[in-house]
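*Asks:* Before I ask anything, let me first share the structure, which is written out below as structure tokens.
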Amino acid sequence: MTVRIYEDLRQVQARVLLGQYLVLALLSLLAAHFWHLQVVRGREFREKAENNRTRLLPLAAPRGPLLDREGRLLVENQASFSVALTPEHSEDLDRSVRLLARLLRMSEGQIRERLARRSGPYRPVIVKSGISLAEVAALEARKLELPEVDVEIVPRRAYPLASAAAHSLGRVGEVSEIQLQQPAFAHLQPGDLVGQAGLEAQYNQRLMGRDGFRKVVVNSRGVEVAEAERQEPRDGPSLTLTLDGHLQAAMEQAFGGRAGSAVALDPQTGEILGMVSLPSFDPNGFTNGIDPALWSRLTSDPETPLMNRVIQGQYAPGSLFKVVASVAALEEGVITPATTFFCGGQITLYGTVFHCNRPEGHGLVDLHRALQMSCNVYFYQAGVRLEIERLSRWAKRLGLGLPTGVDLPHEAGGLMPSPEWKLRTQKTPWYAGETVSVAIGQGQVMVTPLQMARLTALVANGGRLVQPHLVRPGPGQPAGLPDPVDLHLKPETLAAVRAGLWAVVNEGGTGWRARIEGLDVCGKTGSAQVVARARLQKGGAPTSILPHAWFLSFAPREQARIALVVLVEHGGSGGEAAAPVARQILQAYLRRDAGPSLAPASRGAD
Amino acid sequence: MAIDRRLLLNLDWVTLAATLLLAAISVATIASATQGTRFGGLYLKQAGIFGAGLLVLVLVLSLDYRRLADRAPLLYLGAVVLLLYVLLFGPRVAGTKRWFFVAGVQVQPSELAKLAAALLLAKVFAEVRRDSLGLRDILLPGAAIGALALLIAAAPDLGTAFCLVPMFLSVALLAGLRARAILTLVLALAVVGGLGWRYALKDYQKERIYTFLDPQRDPRGTGYQKIQSQIAVGSGGLLGKGYRRGTQSQLGYLPARHTDFVFSVLAEEFGFLGVTVVLSLYLLIFWRGLETAAQARDRVGAFLATALVAVLAFQVVYNVAMVAGLVPVKGLPLPLMSYGGASLISSLLAIGLILNVRMRRFAN
């Protein structure tokens with residue numbers, strides 16, 4: 001080895017020292033940054049790690065089933081599949097959206113729109129509901145490509161009766177943007193199904209139950225490796241309705257495809273035994289969210305199938321109003337059952353000629369005959385004696401022109417005009433001649449079929465105004481119904497009106513077509529002029545100019561078990577078009593009801 | 001050839017102990033990061049490579065570093081040939097040509113090139129016996145290192161190529177490079193960098209830099225790695241989630257968790273405490289490495305130790321900063337910790353050379 005002189009390394013040493021401090025400084029800075037990440041921001045990152053490794057999978061609570069009064073299923077649930085996507089778990093969201101769009105036959109825009117509406121990070125978004133088994137298989141086959149996609153089993157609403165009773169039962173649909181802003185729906189997510197009409201909407205909160213969830217640990221491929229937490233869903237409780245499935249079916253059938261509505265009440269309790277509004281719709285078409293084509297077809301249909309005519313249809317009561325006029329006139333003492341008026345086919349009052357429905361006139365008529373033959377002239381004069389204030393007050397007392405408070409959403413009130421109302425809304429005084437029209441149910445009087453059914457029940461049950469309702473009170477059922485309001489009508493009033501209504505059907509009156517041998521059917525015919533509509537549809541189909549045919553009825557005469565109102569739209573005369581429908585319904589109900597048992601085997605005896 | 005007893009007495013046992021400790025932590029962390037995956041047995045392989053690396057280290061100790069430095073040009077030439085060979089004939093693995101195989105052993109020329117570069121720089125600058133150096137004086141070594149860097153970058157392996165820059169600068173500075181010259185150099189690098197960005201960088205490399213600046217831009221690409229690594233580190237907290245209990249690593253959210261991101265597994269499972277321990281061990285090795293440079297008996301030794309500390313420290317700082325989300329994601333392993341034979345062997349060789357310089361500081 002060669003001997004070497006030690007080199008002068010002083011400059012080197014000085015700079016090396018600098019290097020040491022540089023390394024120290026850099027590593028200290030890094031340590032400080034780790035302190036910041038791990039200790040200062042530790043909680044934030046722990047939450048992120050937790051969100052990363054866990055997924056919240058909803059366990060949808062099945063909505064409560066709806067049962068008819070005898071426990072038959074009217075609305076149930078069936079398992080269906082939904083596709084949910086959690087964007088945070090996506091490796092390449094654009095690619096996933098493209099792939100999903102192809103597999104589910106949706107547009108990418110539709111998927112993106114749904115993703116944009118979600119409520120918060122790490123919450124799965126329902127991309128499509130009610131997918132087919134083939135689609136489930138296609139998705140499962142691509143599970144590794146789509147770790148962020150989950151197929152959820154969701155109970156789906158099923159309506160085995162299809163369009164029957166659709167308006168009372170209602171329908172479900174995805175919760176709307178507007179609803180989400182209301183406190184009652186605050187806990188829901190876009191894509192959740194809620195009741196959007198009928199009982200489904202009315203009792204939505206109760207029927208929904210409470211969804212549960214599963215918190216699962218997943219690996220980066222989205223494969224579940226463990227369950228961290230589980231909360232079982234609480235099923236929506238079932239709801240027993242007052243509807244009678246058999247009667248409901250008979251009511252639908254009796255219309256034979258015509259448009260119109262009918263409602264049957266238990267006159268003693270106000271229980272709605274059947275409710276029909278035609279044309280109807282199939283609520284099964286809404287359970288996977290609204291199909292835009294179906295929706296626009298239903299909403300643009302001039303026959304308005306989505307409208308519940310029983311509570312939303314507002315019609316002139318026509319001659320049915322004569323029942324109101326009778327009760328009012330008898331109670332106010334302006335007539336007695338024995339009071340007679342002469343009908344010559346027409347009468348001039350306040351300088352105007354008013355016609356009767358029979359041009360040759362009815363001759364001398366008392367109340368009994370006036371109701372039986374539906375004599376207008378009699379009631380014109382009774383109306384003149386009553387005057388509008390008393391008539392209007394009695395109509396309202398009997399439940400006309402006001403919502404009945406039935407447990408369905410969006411009930412219409414109808415209208416019972418009065419001088420005070422006319423002055424307020426039309427700024428013109430009441431003309432005495434208008435009272436004459438109102439007395440026979442024309443003019444501006446508007447009622448719903450349900451209001452008429454309630455009036456019918458009142459006549460049948462001895463003067464008590466019942467609360468129409470669809471959900472049976474009882475244990476496990478929603479609480480509270482107002483008690484019937486007893487109007488304390490005079491027994492003579494009721495007896496006279498009932499006798500008149502009995503004669504309508506059983507003594508060759510206008511409603512003779514509703515007569516059923518052995519059953520004391522009482523009824524009243526009516527026809528509602530549809531002037532406004534006839535004018536609107538100039539040159540339209542001739543049927544659209546025919547008046548609506550009304551028939552109200554109850555049976556039997558004493559201890560009535562059913563109060564029924566039928567309205568056949570543009571049916572013409574109540575006696576010809578509506579009474580036969582009512583007869584068919586009453587027969588189906590009373591014959592069966594009279595039988596010893598409901599068992600199918602015994603029905604052969606009918 | 002044999003190491004005489006005097007030299008053994010001067011061996012830096014502290015550095016060696018720190019190295020062993022890091023290796024043990026590395027094997028344990030890799031075992032945790034790979035459990036239950038198809039990489040499950042890799043920690044044993046890493047332990048085996050570490051054993052082999054220690055043997056090579058001892059072998060290197062037995063050679064006087066001055067003899068090695070004397071042969072630097074030859075080693076440099078060998079490195080260039082190997083790099084060219086791998087570029088021309090090496091198999092393409094994951095889009096890069098970084099490795100080739102000799103009898104089933106994976107050889108990564110760029111790792112060996114780093115060592116050759118360190119020896120060459122030490123040798124060349126030691127020959128320049130002036131207190132103050134200008135740009136002209138560093139032209140030749142600069143060109144030599146630059147050529148090597150280009151060959152490595154062509155693999156493409158930008159991370160390793162860039163490691164040569166701090167190595168070169170630290171030695172040049174130590175050798176007396178003037179401040180003005182450094183300024184000029186930095187400016188020149190900026191211009192070259194700008195042109196490189198414009199013409200040389202591949203789109204995926206640019207993309208990485210973009211996503212670094214805005215991680216939300218591509219949350220599942222390289223931004224995803226950064227986000228997941230930060231979550232792993234941050235969620236570790238003060239004391240960590242416990243060995244083999246890191247959710248980010250065990251459930252597969254962390255990418256490259258036994259290689260480039262092994263430090264994030266450590267940070268998640270052992271927390272700030274573990275981070276501090278490992279960073280302290282590195283600091284100890286680098287501190288004593290530079291001490292070795294200061295105490296070296298000659299310029300060659302001082303420059304060699306400095307060059308090696310510079311390259312190791314740069315990798316450690318960059319990798320740890322990357323794991324913490326401070327710098328763009330680059331395929332740069334963490335010396336002594338990341339899984340990978342070439343990196344581990346070359347790191348052990350580097351430490352061996354530093355020990356070599358230190359134990360011969362009194363020898364003549």
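The chains in the structure tokens are called A, B, ... from first to last as shown; in each chain the residues are counted from 1, and the ligands are counted from 1 in the order shown.
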Counting only C-alpha atoms, what is within 10 Å of Ala153 of chain B, bar same-chain residues fewer than 5 positions away, as a list of chain:residue names?
*Replies:* B:Arg98, B:Ser110, B:Ala147, B:Leu148, B:Leu158, B:Gly159, B:Thr160, B:Ala161, B:Phe162
*Asks:* Give me, as CSV, each residue of chain B that comes within 6 Å of chain A, together with its shortest interatomic pair and the distance in Å at one decimal, counting only C-alpha atoms, with rows ordered by chain and rising residue number.
*Replies:*
residue,atom,partner,partner_atom,distance
B:Leu174,CA,A:Val12,CA,5.5
B:Arg220,CA,A:Glu91,CA,4.7
B:Ile231,CA,A:Phe45,CA,5.1
B:Gly234,CA,A:Gln38,CA,4.1
B:Ser235,CA,A:Arg46,CA,4.1
B:Gly237,CA,A:Gln38,CA,4.3
B:Leu238,CA,A:Val39,CA,5.8
B:Leu251,CA,A:Asn219,CA,4.4
B:Gly252,CA,A:Ser220,CA,5.1
B:Tyr253,CA,A:Ser220,CA,5.0
B:Trp287,CA,A:Gln20,CA,5.7
B:Ala294,CA,A:Gln13,CA,4.6
B:Asp298,CA,A:Glu7,CA,5.8
*Asks:* Can you tell me, as an NGL selection string, which residues in segment 28-275 of chain B count as strand (DSSP E or B) by DSSP?
*Replies:* :B and (93 or 96 or 100-102 or 105-107 or 133 or 177)
*Asks:* Which residues come within 9 Å of Tyr589 of chain A, counting only C-alpha atoms, excluding same-chain residues fewer than 5 positions away, as a ChimeraX atom specification?
*Replies:* /A:246-247,250,562,584,594
*Asks:* Please produce an output containing N, CA and C atoms for each residue in the selection, written as an mmCIF file, in the first residue's frame.
*Replies:*
data_model
loop_
_atom_site.group_PDB
_atom_site.id
_atom_site.type_symbol
_atom_site.label_atom_id
_atom_site.label_comp_id
_atom_site.auth_asym_id
_atom_site.auth_seq_id
_atom_site.Cartn_x
_atom_site.Cartn_y
_atom_site.Cartn_z
ATOM 1 N N HIS A 246 -116.194 -9.246 -2.329
ATOM 2 C CA HIS A 246 -117.200 -9.764 -3.255
ATOM 3 C C HIS A 246 -118.090 -8.657 -3.788
ATOM 4 N N LEU A 247 -118.511 -7.780 -2.882
ATOM 5 C CA LEU A 247 -119.378 -6.683 -3.304
ATOM 6 C C LEU A 247 -118.635 -5.793 -4.299
ATOM 7 N N ALA A 250 -118.699 -7.318 -7.587
ATOM 8 C CA ALA A 250 -120.036 -7.232 -8.178
ATOM 9 C C ALA A 250 -120.307 -5.823 -8.695
ATOM 10 N N ILE A 562 -127.445 -1.817 3.635
ATOM 11 C CA ILE A 562 -126.599 -1.206 2.607
ATOM 12 C C ILE A 562 -127.240 0.072 2.085
ATOM 13 N N GLN A 584 -128.554 -4.915 -9.639
ATOM 14 C CA GLN A 584 -127.589 -6.007 -9.737
ATOM 15 C C GLN A 584 -126.672 -6.035 -8.515
ATOM 16 N N ALA A 594 -127.820 -12.616 3.061
ATOM 17 C CA ALA A 594 -128.927 -13.291 3.725
ATOM 18 C C ALA A 594 -128.631 -14.769 3.914
#
*Asks:* Which neighbours of segment 548-553 of chain A fall inside 6 Å, counting only C-alpha atoms, when residues of the same chain fewer than 5 positions from it are skipped, and could you give them as a PDB file with N, CA and C atoms, in the first residue's frame?
*Replies:*
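Ended up saving to part.pdb:
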ATOM      1  N   CYS A 522    -135.423   0.606  -1.309  1.00  0.00           N
ATOM      2  CA  CYS A 522    -135.917   1.965  -1.427  1.00  0.00           C
ATOM      3  C   CYS A 522    -134.937   2.730  -2.297  1.00  0.00           C
ATOM      4  N   GLY A 523    -135.412   3.687  -3.101  1.00  0.00           N
ATOM      5  CA  GLY A 523    -134.477   4.372  -3.979  1.00  0.00           C
ATOM      6  C   GLY A 523    -134.984   5.683  -4.499  1.00  0.00           C
ATOM      7  N   LYS A 524    -134.147   6.353  -5.212  1.00  0.00           N
ATOM      8  CA  LYS A 524    -134.534   7.605  -5.870  1.00  0.00           C
ATOM      9  C   LYS A 524    -133.687   7.757  -7.121  1.00  0.00           C
ATOM     10  N   THR A 525    -134.373   8.064  -8.213  1.00  0.00           N
ATOM     11  CA  THR A 525    -133.658   8.269  -9.475  1.00  0.00           C
ATOM     12  C   THR A 525    -133.273   9.729  -9.610  1.00  0.00           C
ATOM     13  N   GLY A 526    -132.361   9.981 -10.519  1.00  0.00           N
ATOM     14  CA  GLY A 526    -131.996  11.359 -10.813  1.00  0.00           C
ATOM     15  C   GLY A 526    -131.208  11.408 -12.094  1.00  0.00           C
ATOM     16  N   SER A 527    -131.224  12.596 -12.707  1.00  0.00           N
ATOM     17  CA  SER A 527    -130.338  12.764 -13.851  1.00  0.00           C
ATOM     18  C   SER A 527    -129.750  14.161 -13.763  1.00  0.00           C
ATOM     19  N   ALA A 528    -128.452  14.197 -13.992  1.00  0.00           N
ATOM     20  CA  ALA A 528    -127.743  15.465 -13.837  1.00  0.00           C
ATOM     21  C   ALA A 528    -127.449  16.041 -15.202  1.00  0.00           C
ATOM     22  N   ALA A 563    -126.402   1.073   1.921  1.00  0.00           N
ATOM     23  CA  ALA A 563    -126.825   2.303   1.247  1.00  0.00           C
ATOM     24  C   ALA A 563    -125.942   2.439   0.030  1.00  0.00           C
ATOM     25  N   LEU A 564    -126.568   2.601  -1.126  1.00  0.00           N
ATOM     26  CA  LEU A 564    -125.806   2.535  -2.375  1.00  0.00           C
ATOM     27  C   LEU A 564    -126.140   3.709  -3.276  1.00  0.00           C
ATOM     28  N   VAL A 565    -125.098   4.314  -3.846  1.00  0.00           N
ATOM     29  CA  VAL A 565    -125.312   5.351  -4.844  1.00  0.00           C
ATOM     30  C   VAL A 565    -124.604   4.927  -6.118  1.00  0.00           C
ATOM     31  N   VAL A 566    -125.324   5.017  -7.241  1.00  0.00           N
ATOM     32  CA  VAL A 566    -124.746   4.667  -8.536  1.00  0.00           C
ATOM     33  C   VAL A 566    -124.867   5.868  -9.453  1.00  0.00           C
ATOM     34  N   LEU A 567    -123.793   6.168 -10.176  1.00  0.00           N
ATOM     35  CA  LEU A 567    -123.870   7.203 -11.186  1.00  0.00           C
ATOM     36  C   LEU A 567    -123.273   6.664 -12.479  1.00  0.00           C
ATOM     37  N   VAL A 568    -124.104   6.619 -13.529  1.00  0.00           N
ATOM     38  CA  VAL A 568    -123.601   6.186 -14.838  1.00  0.00           C
ATOM     39  C   VAL A 568    -123.426   7.441 -15.671  1.00  0.00           C
ATOM     40  N   GLU A 569    -122.183   7.720 -16.031  1.00  0.00           N
ATOM     41  CA  GLU A 569    -121.910   8.961 -16.764  1.00  0.00           C
ATOM     42  C   GLU A 569    -122.574   8.929 -18.134  1.00  0.00           C
ATOM     43  N   HIS A 570    -123.291   9.984 -18.437  1.00  0.00           N
ATOM     44  CA  HIS A 570    -123.994  10.120 -19.714  1.00  0.00           C
ATOM     45  C   HIS A 570    -124.901   8.925 -19.985  1.00  0.00           C
ATOM     46  N   GLY A 571    -125.453   8.404 -18.889  1.00  0.00           N
ATOM     47  CA  GLY A 571    -126.324   7.226 -19.028  1.00  0.00           C
ATOM     48  C   GLY A 571    -127.739   7.595 -19.428  1.00  0.00           C
ATOM     49  N   GLY A 572    -128.069   8.875 -19.295  1.00  0.00           N
ATOM     50  CA  GLY A 572    -129.430   9.292 -19.609  1.00  0.00           C
ATOM     51  C   GLY A 572    -130.280   9.299 -18.353  1.00  0.00           C
ATOM     52  N   SER A 573    -131.389   8.638 -18.383  1.00  0.00           N
ATOM     53  CA  SER A 573    -132.297   8.680 -17.242  1.00  0.00           C
ATOM     54  C   SER A 573    -131.820   7.749 -16.149  1.00  0.00           C
ATOM     55  N   GLY A 574    -131.984   8.213 -14.910  1.00  0.00           N
ATOM     56  CA  GLY A 574    -131.547   7.416 -13.766  1.00  0.00           C
ATOM     57  C   GLY A 574    -132.288   6.107 -13.674  1.00  0.00           C
ATOM     58  N   ALA A 578    -129.291   3.796 -14.383  1.00  0.00           N
ATOM     59  CA  ALA A 578    -128.617   3.568 -13.113  1.00  0.00           C
ATOM     60  C   ALA A 578    -129.334   2.545 -12.241  1.00  0.00           C
ATOM     61  N   ALA A 579    -130.684   2.549 -12.275  1.00  0.00           N
ATOM     62  CA  ALA A 579    -131.422   1.646 -11.394  1.00  0.00           C
ATOM     63  C   ALA A 579    -131.091   0.168 -11.644  1.00  0.00           C
TER      64      ALA A 579
END
*Asks:* In Å, how far is it from atom CA of Ala296 of chain B to atom CA of Arg361 of chain B?
*Replies:*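 We find that atom CA of Ala296 of chain B and atom CA of Arg361 of chain B lie 5.0 Å from each other.
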*Asks:* Do a neighbour search on Gly173 of chain A at 9 Å with only C-alpha atoms, toss out local chain neighbours closer than 6 positions, and write the hits as a list in words.
*Replies:*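 Once the adjacent positions are removed, what remains is Gly191, Asp192, Leu193, Val194, Gly195, Gln196, Ala197, Phe286, Thr287, Asn288, Gly289 and Ile290 of chain A.
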*Asks:* Report the distance between atom CA of Ala316 of chain A and atom CA of Pro359 of chain A in Å, rounded to one decimal place.
*Replies:*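 Straight-line distance from atom CA of Ala316 of chain A to atom CA of Pro359 of chain A works out to 22.2 Å.
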*Asks:* Tell me which protein, DNA and RNA residues are within 9 Å of Pro233 of chain A, counting only C-alpha atoms, leaving out same-chain ones fewer than 4 positions away, and put them as an MDAnalysis selection string.
*Replies:* chainID A and resid 58:62 209:213
*Asks:* Would you put the residues from that selection into a file with C-alpha atoms, as an mmCIF file, in the first residue's frame?
*Replies:*
data_model
loop_
_atom_site.group_PDB
_atom_site.id
_atom_site.type_symbol
_atom_site.label_atom_id
_atom_site.label_comp_id
_atom_site.auth_asym_id
_atom_site.auth_seq_id
_atom_site.Cartn_x
_atom_site.Cartn_y
_atom_site.Cartn_z
ATOM 1 C CA PRO A 58 -80.843 -1.241 3.339
ATOM 2 C CA LEU A 59 -83.215 -3.980 4.434
ATOM 3 C CA ALA A 60 -86.451 -2.679 3.054
ATOM 4 C CA ALA A 61 -89.443 -3.134 5.334
ATOM 5 C CA PRO A 62 -92.368 -4.587 3.414
ATOM 6 C CA GLY A 209 -92.972 0.352 8.664
ATOM 7 C CA ARG A 210 -89.294 1.090 9.249
ATOM 8 C CA ASP A 211 -86.475 -0.034 7.029
ATOM 9 C CA GLY A 212 -83.569 -1.825 8.630
ATOM 10 C CA PHE A 213 -80.021 -2.082 7.387
#
*Asks:* Please return, as a ChimeraX atom specification, all residues of segment 284-498 of chain A that DSSP assigns to alpha helix (DSSP H) on the basis of the backbone.
*Replies:* /A:292-300,309-312,321-332,367-373,376-386,388-397,419-426,432-439,449-461,491-498
*Asks:* What is the atom CA of Val309 of chain B to atom CA of Gly48 of chain B distance in Å?
*Replies:*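 Computing the Euclidean distance for atom CA of Val309 of chain B and atom CA of Gly48 of chain B yields 24.8 Å.
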*Asks:* Near Ser32 of chain B, counting only C-alpha atoms, which residues have an atom at most 12 Å away, once you skip same-chain residues fewer than 4 positions from it, shown as a ChimeraX atom specification?
*Replies:* /B:25-28,36-37,39-44,242-252,257-258,262-266,268-270
*Asks:* Quick one: write out the picked residues with N, CA and C atoms as an mmCIF file, in the first residue's frame?
*Replies:*
data_model
loop_
_atom_site.group_PDB
_atom_site.id
_atom_site.type_symbol
_atom_site.label_atom_id
_atom_site.label_comp_id
_atom_site.auth_asym_id
_atom_site.auth_seq_id
_atom_site.Cartn_x
_atom_site.Cartn_y
_atom_site.Cartn_z
ATOM 1 N N ILE B 25 -38.420 -5.187 10.552
ATOM 2 C CA ILE B 25 -39.705 -4.486 10.452
ATOM 3 C C ILE B 25 -40.279 -4.676 9.048
ATOM 4 N N SER B 26 -39.392 -4.608 8.062
ATOM 5 C CA SER B 26 -39.825 -4.773 6.675
ATOM 6 C C SER B 26 -40.478 -6.135 6.463
ATOM 7 N N VAL B 27 -39.799 -7.182 6.914
ATOM 8 C CA VAL B 27 -40.321 -8.536 6.708
ATOM 9 C C VAL B 27 -41.682 -8.685 7.402
ATOM 10 N N ALA B 28 -41.771 -8.143 8.623
ATOM 11 C CA ALA B 28 -43.034 -8.243 9.363
ATOM 12 C C ALA B 28 -44.144 -7.477 8.652
ATOM 13 N N GLY B 36 -53.058 -13.669 3.273
ATOM 14 C CA GLY B 36 -54.327 -13.987 2.635
ATOM 15 C C GLY B 36 -54.395 -13.606 1.174
ATOM 16 N N THR B 37 -53.317 -13.160 0.590
ATOM 17 C CA THR B 37 -53.328 -12.860 -0.842
ATOM 18 C C THR B 37 -52.397 -13.847 -1.545
ATOM 19 N N PHE B 39 -49.741 -13.160 -2.688
ATOM 20 C CA PHE B 39 -48.355 -12.817 -2.370
ATOM 21 C C PHE B 39 -47.969 -13.316 -0.980
ATOM 22 N N GLY B 40 -48.834 -14.134 -0.413
ATOM 23 C CA GLY B 40 -48.694 -14.539 0.988
ATOM 24 C C GLY B 40 -47.316 -14.959 1.454
ATOM 25 N N GLY B 41 -46.530 -15.654 0.622
ATOM 26 C CA GLY B 41 -45.248 -16.164 1.103
ATOM 27 C C GLY B 41 -44.071 -15.238 0.875
ATOM 28 N N LEU B 42 -44.361 -14.042 0.344
ATOM 29 C CA LEU B 42 -43.256 -13.180 -0.093
ATOM 30 C C LEU B 42 -42.342 -12.712 1.038
ATOM 31 N N TYR B 43 -42.911 -12.621 2.242
ATOM 32 C CA TYR B 43 -42.064 -12.115 3.335
ATOM 33 C C TYR B 43 -40.900 -13.063 3.609
ATOM 34 N N LEU B 44 -41.143 -14.375 3.372
ATOM 35 C CA LEU B 44 -40.059 -15.348 3.562
ATOM 36 C C LEU B 44 -38.975 -15.136 2.516
ATOM 37 N N GLY B 242 -53.045 -1.817 15.004
ATOM 38 C CA GLY B 242 -52.545 -3.110 15.461
ATOM 39 C C GLY B 242 -52.020 -3.928 14.302
ATOM 40 N N TYR B 243 -51.029 -4.753 14.617
ATOM 41 C CA TYR B 243 -50.386 -5.540 13.580
ATOM 42 C C TYR B 243 -51.395 -6.469 12.911
ATOM 43 N N ARG B 244 -51.397 -6.464 11.600
ATOM 44 C CA ARG B 244 -52.297 -7.271 10.767
ATOM 45 C C ARG B 244 -53.761 -6.856 10.912
ATOM 46 N N ARG B 245 -53.987 -5.666 11.416
ATOM 47 C CA ARG B 245 -55.378 -5.252 11.618
ATOM 48 C C ARG B 245 -55.719 -3.956 10.896
ATOM 49 N N GLY B 246 -54.860 -3.554 9.964
ATOM 50 C CA GLY B 246 -55.165 -2.347 9.186
ATOM 51 C C GLY B 246 -56.238 -2.650 8.159
ATOM 52 N N THR B 247 -57.341 -1.919 8.216
ATOM 53 C CA THR B 247 -58.439 -2.237 7.293
ATOM 54 C C THR B 247 -58.094 -1.862 5.862
ATOM 55 N N GLN B 248 -57.416 -0.741 5.697
ATOM 56 C CA GLN B 248 -57.091 -0.291 4.343
ATOM 57 C C GLN B 248 -56.216 -1.305 3.624
ATOM 58 N N SER B 249 -55.236 -1.839 4.381
ATOM 59 C CA SER B 249 -54.326 -2.775 3.734
ATOM 60 C C SER B 249 -54.949 -4.159 3.648
ATOM 61 N N GLN B 250 -55.570 -4.619 4.734
ATOM 62 C CA GLN B 250 -56.068 -5.995 4.740
ATOM 63 C C GLN B 250 -57.229 -6.206 3.769
ATOM 64 N N LEU B 251 -58.024 -5.166 3.528
ATOM 65 C CA LEU B 251 -59.169 -5.333 2.632
ATOM 66 C C LEU B 251 -58.843 -4.950 1.198
ATOM 67 N N GLY B 252 -57.576 -4.620 0.967
ATOM 68 C CA GLY B 252 -57.150 -4.430 -0.415
ATOM 69 C C GLY B 252 -57.361 -3.046 -0.987
ATOM 70 N N ARG B 257 -49.164 -2.479 -1.832
ATOM 71 C CA ARG B 257 -48.950 -2.281 -0.406
ATOM 72 C C ARG B 257 -47.751 -3.028 0.143
ATOM 73 N N HIS B 258 -47.220 -3.995 -0.596
ATOM 74 C CA HIS B 258 -46.005 -4.610 -0.074
ATOM 75 C C HIS B 258 -44.774 -4.074 -0.794
ATOM 76 N N VAL B 262 -45.457 0.224 1.138
ATOM 77 C CA VAL B 262 -45.322 -0.563 2.363
ATOM 78 C C VAL B 262 -45.327 0.337 3.601
ATOM 79 N N PHE B 263 -44.841 1.566 3.422
ATOM 80 C CA PHE B 263 -44.799 2.474 4.572
ATOM 81 C C PHE B 263 -46.203 2.847 5.025
ATOM 82 N N SER B 264 -47.161 2.864 4.093
ATOM 83 C CA SER B 264 -48.515 3.192 4.542
ATOM 84 C C SER B 264 -49.130 2.061 5.341
ATOM 85 N N VAL B 265 -48.751 0.831 5.036
ATOM 86 C CA VAL B 265 -49.214 -0.286 5.865
ATOM 87 C C VAL B 265 -48.661 -0.120 7.281
ATOM 88 N N LEU B 266 -47.382 0.204 7.347
ATOM 89 C CA LEU B 266 -46.749 0.413 8.653
ATOM 90 C C LEU B 266 -47.453 1.551 9.411
ATOM 91 N N GLU B 268 -50.448 2.632 9.045
ATOM 92 C CA GLU B 268 -51.815 2.299 9.443
ATOM 93 C C GLU B 268 -51.825 1.376 10.661
ATOM 94 N N GLU B 269 -50.912 0.404 10.654
ATOM 95 C CA GLU B 269 -50.974 -0.606 11.710
ATOM 96 C C GLU B 269 -50.206 -0.215 12.969
ATOM 97 N N PHE B 270 -49.182 0.634 12.802
ATOM 98 C CA PHE B 270 -48.398 1.012 13.985
ATOM 99 C C PHE B 270 -48.498 2.484 14.327
#
*Asks:* Can you work out which one of B:Gly352, B:Pro333, B:Gly325, B:Gly289 has the shortest atom-to-atom distance to Glu111 of chain B, counting only C-alpha atoms?
*Replies:*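 Looking only at the distances to Glu111 of chain B, the closest residue turns out to be B:Pro333.
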